[in-house]
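Peer 1: Take a look at this one; I'll ask things after.
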Amino acid sequence: MAVTPGFVMLAHENLDRAAQLARFLAGQGCPVAVHVDARVPADRLAGMRSLCDGRMAVRFTRRLRSEWGSFAIVRATQEAAGLLLREFPHVSHVALISGACLPVRALDDLRGFLAAHPDTDFIESVDLRIGAWVQDGLSEERFTLRFPLSWRRHRWLFDRWVEVQRRLGLRRRLPPGIEPHLGSQWWCLTRRTLQAILEDPRRREFDRFFRWSWIPDETYFQTLARRHALRIDSRSLTFSRFDHWGRPHLFYDDHAELLVQTDHFFARKIWRGAEGLYARFLDPAGVAPRGTRLEPRPVERPFAEARQLRCEGRPGVLGMGRFPCRWHSPQQATPRPYLVFDGFDALLPGWHRALGAPGRVSHGRLFAPDRVEFADGAPVWTGNLPANPRIRDRAPDQFLIALLRHEDAAQVSLQLCPGDHPQMMAFIARDPNARILRLEGAELLAAFRAGPGPGHAPRLAPPSPPVTAAAARIWHLADLLADPAGVLGAVLAEAWGEAAPVPALPLPRLDGLADFAARLGHADAPRLRAAERARLGREARDGAATLRAVGE
């Protein structure tokens with residue numbers, strides 16, 4: 001049996017491209033019935049007609065105002081399909097396409113494929129009861145509620161009317177014998193099935209029901225094909241993908257190889273400026289025949305990555321649509337790993353200056369209440385970040401993110417101390433990119449050095465928040481005071497992944513710290529007292545050794 005596919009084309013914009021497609025299809029022996037939205041100005045329609053002059057296989061149907069989501073799109077498809085079947089009796093299959101489609105395989109491949117499946121209708125038709133075709137939005141209620149209002153022009157009223165129907169329990173009954181199905185608008189039906197749908201004795205009843213449905217172009221043919229088809233392959237022959245908002249992806253010239261790899265015959269939505277795609281796919285010699293088999297190929301990964309990038313963002317680059325908050329923050333907020341020395345600067349102020357080395361950037365206290373300590377005392381850091389706490393505090397998390405995003409060094413570290421910006425201390429504690437080396441008990445040091453204010457008891461800064469997602473290693477202040485060289489050596493080895501020399505920094509004397517902690521009832525007071533005894537014993541031994549050396 002000879003196979004002749006015909007095409008129903010729905011066009012509402014970029015009519016020059018639609019005309020280019022119609023001329024190509026007609027030139028390949030495939031009749032085309034074109035419906036142009038009634039909202040398109042008459043002069044633009046006249047331009048399209050002139051571009052199609054000389055193509056006897058191109059017909060234009062009566063124009064309707066085809067608003068998205070309305071039954072007018074179904075009505076336009078019905079009229080164009082009826083015209084195609086009447087005027088081209090040799091057409092064996094009818095495919096519904098848009099003016100933004102392109103064939104991505106040779107039309108001879110399509111003919112051979114349809115000839116190999118002469119009684120099969122290719123239409124995505126998913127049973128509402130067992131399939132989750134709708135990703136976001138109305139599903140069953142598309143059929144059971146009434147939708148007389150335009151969602152695009154009257155969105156507020158549309159939503160209120162849906163709420164009213166839900167509250168009042170208003171439900172429509174489906175026509176007898178109808179099992180609701182949904183699927184892609186773009187299909188390819190046999191002449192027999194399409195003619196049976198258009199000439200169904202109950203068509204008036206079905207049209208009346210679907211006229212008040214929601215987005216009927218995704219339900220009308222998908223449901224009625226189940227009444228008349230001999231065999232349905234529930235898939236579309238047109239390749240299209242949608243973003244998480246339900247808007248179609250646009251294909252550009254650099255998508256050419258991806259489109260060739262799809263197991264489809266058409267693709268939409270093609271950008272009107274994709275000169276390379278139009279030149280390649282509308283050239284009969286531009287696409288090599290691939291035969292009649294449809295072989296699934298791995299083309300989904302770029303779309304999954306695009307969806308993830310759009311929904312979650314790239315680490316360290318935030319947009320208004322995915323701004324992290326306590327209700328929704330699925331992505332790690334910072335773009336790279338970094339190291340945090342928490343509490344050590346309280347014991348050894350400015351010790352970050354001794355940590356610098358090639359390939360390392362060691363910042364000081366970036367989030368101190370009154371200052372920003374960039375590495376080397378820089379007043380402005382890469383990314384035009386000023387050492388200004390007022391500017392930093394407008395969005396301190398973005399300040400850190402920007403600093404890390406623009407940093408090229410292999411290792412980046414910063415200092416935190418009790419009393420620093422509380423929001424950022426909590427932010428870092430739950431950041432999976434942070435590796436925290438913490439000195440437990442550092443909150444005692446600032447209060448001990450400051451002493452009580454006039455008429456006031458000493459006040460401790462809040463301790464560092466508990467670590468949740470960050471990696472952490474903790475040392476106690478008492479252990480460091482008891483064995484400074486050993487503990488600092490272990491800290492630096494943990495920080496850099498290898499043994500490193502301990503900076504020759506003078507350890508301040510903290511006589512009376514244990515008594516101070518005891519007066520406050522601090523839990524570390526006994527350990528600090530033991531550390532003080534160990535320090536005094538060490539100093540006594542060192543002093544005796546020095547005297548012996550002098551005597552000798």
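Residues are referred to by chain and number: the chain letter is A, B, ... according to the order shown in the structure tokens, the number counts from 1 in that chain, and ligands are numbered separately from 1 in the order shown.
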With a distance cut-off of 12 Å and only C-alpha atoms, select the neighbouring residues of Gly377 in chain A, excluding the residue or stretch itself and same-chain residues fewer than 3 positions from it, and output the selection as a PyMOL selection string.

Peer 2: chain A and resi 350+352-353+361-366+371-374+380-381+386-387

Peer 1: Would you mind writing down, as a VMD selection string, each residue of range 178-306 of chain A that DSSP on the backbone assigns to helix (DSSP H, G or I)?

Peer 2: chain A and resid 191 to 198 203 to 210 216 to 218 220 to 228 253 to 261 275 to 281 301 to 306

Peer 1: List every residue of range 148-395 of chain A that DSSP, applied to the backbone of this structure, assigns to strand (DSSP E or B), and report them as a count of residues only.

Peer 2: 33

Peer 1: Can you measure CA of Arg226 in chain A to CA of Leu83 in chain A for me? One decimal in Å is fine.

Peer 2: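 CA of Leu83 in chain A lies at a distance of 22.9 Å from CA of Arg226 in chain A.
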
Peer 1: Using only C-alpha atoms, which residues sit within 10 Å of range 249-252 of chain A once same-chain residues fewer than 2 positions away are excluded, as a CSV table (one decimal) with N, CA and C atoms, in the first residue's frame?

Peer 2:
chain,number,residue,atom,x,y,z
A,100,ALA,N,6.6,26.1,13.9
A,100,ALA,CA,7.9,26.2,14.5
A,100,ALA,C,8.6,24.8,14.5
A,240,SER,N,9.9,17.1,21.4
A,240,SER,CA,9.8,18.4,22.1
A,240,SER,C,10.0,18.2,23.6
A,241,ARG,N,10.6,19.2,24.2
A,241,ARG,CA,10.8,19.1,25.6
A,241,ARG,C,10.4,20.4,26.3
A,242,PHE,N,10.1,20.3,27.6
A,242,PHE,CA,9.5,21.5,28.3
A,242,PHE,C,10.4,21.7,29.5
A,243,ASP,N,10.4,23.0,29.9
A,243,ASP,CA,11.1,23.3,31.2
A,243,ASP,C,10.1,23.1,32.4
A,246,GLY,N,6.7,24.4,32.1
A,246,GLY,CA,5.8,24.0,31.1
A,246,GLY,C,6.0,24.7,29.8
A,247,ARG,N,7.1,25.5,29.6
A,247,ARG,CA,7.4,26.2,28.4
A,247,ARG,C,8.3,25.4,27.5
A,254,ASP,N,23.3,25.2,17.5
A,254,ASP,CA,24.2,24.3,18.1
A,254,ASP,C,23.5,23.0,18.6
A,255,HIS,N,22.2,22.9,18.4
A,255,HIS,CA,21.5,21.6,18.8
A,255,HIS,C,21.4,20.7,17.6
A,256,ALA,N,22.0,21.0,16.5
A,256,ALA,CA,21.8,20.2,15.3
A,256,ALA,C,22.1,18.7,15.5
A,258,LEU,N,22.3,17.0,18.3
A,258,LEU,CA,21.4,16.4,19.2
A,258,LEU,C,20.0,16.0,18.5
A,259,LEU,N,19.5,16.9,17.7
A,259,LEU,CA,18.3,16.6,17.0
A,259,LEU,C,18.4,15.5,16.1
A,267,ALA,N,10.9,17.9,15.1
A,267,ALA,CA,11.3,18.6,16.3
A,267,ALA,C,10.7,19.9,16.4
A,268,ARG,N,10.3,20.3,17.6
A,268,ARG,CA,9.8,21.7,17.9
A,268,ARG,C,10.2,22.0,19.3
A,269,LYS,N,10.6,23.2,19.6
A,269,LYS,CA,10.3,24.4,18.9
A,269,LYS,C,11.6,25.0,18.4
A,270,ILE,N,11.6,25.3,17.1
A,270,ILE,CA,12.9,25.8,16.5
A,270,ILE,C,12.9,27.3,16.5
A,271,TRP,N,14.0,27.9,17.0
A,271,TRP,CA,14.2,29.3,17.0
A,271,TRP,C,14.1,29.9,15.6
A,272,ARG,N,13.4,30.9,15.4
A,272,ARG,CA,13.3,31.5,14.1
A,272,ARG,C,14.6,31.9,13.4
A,273,GLY,N,15.6,32.2,14.3
A,273,GLY,CA,16.9,32.7,13.8
A,273,GLY,C,17.9,31.6,13.6
A,274,ALA,N,17.4,30.3,13.7
A,274,ALA,CA,18.4,29.2,13.5
A,274,ALA,C,18.6,28.9,12.1
A,275,GLU,N,19.4,29.8,11.4
A,275,GLU,CA,19.6,29.6,10.0
A,275,GLU,C,20.2,28.3,9.7
A,276,GLY,N,21.2,27.8,10.5
A,276,GLY,CA,21.8,26.6,10.2
A,276,GLY,C,20.9,25.4,10.2
A,277,LEU,N,19.9,25.4,11.2
A,277,LEU,CA,18.9,24.3,11.3
A,277,LEU,C,18.0,24.3,10.0
A,303,PHE,N,18.8,17.9,28.7
A,303,PHE,CA,17.6,18.5,29.2
A,303,PHE,C,17.5,18.3,30.8
A,306,ALA,N,19.8,20.9,32.1
A,306,ALA,CA,19.2,22.3,32.0
A,306,ALA,C,18.2,22.5,33.1
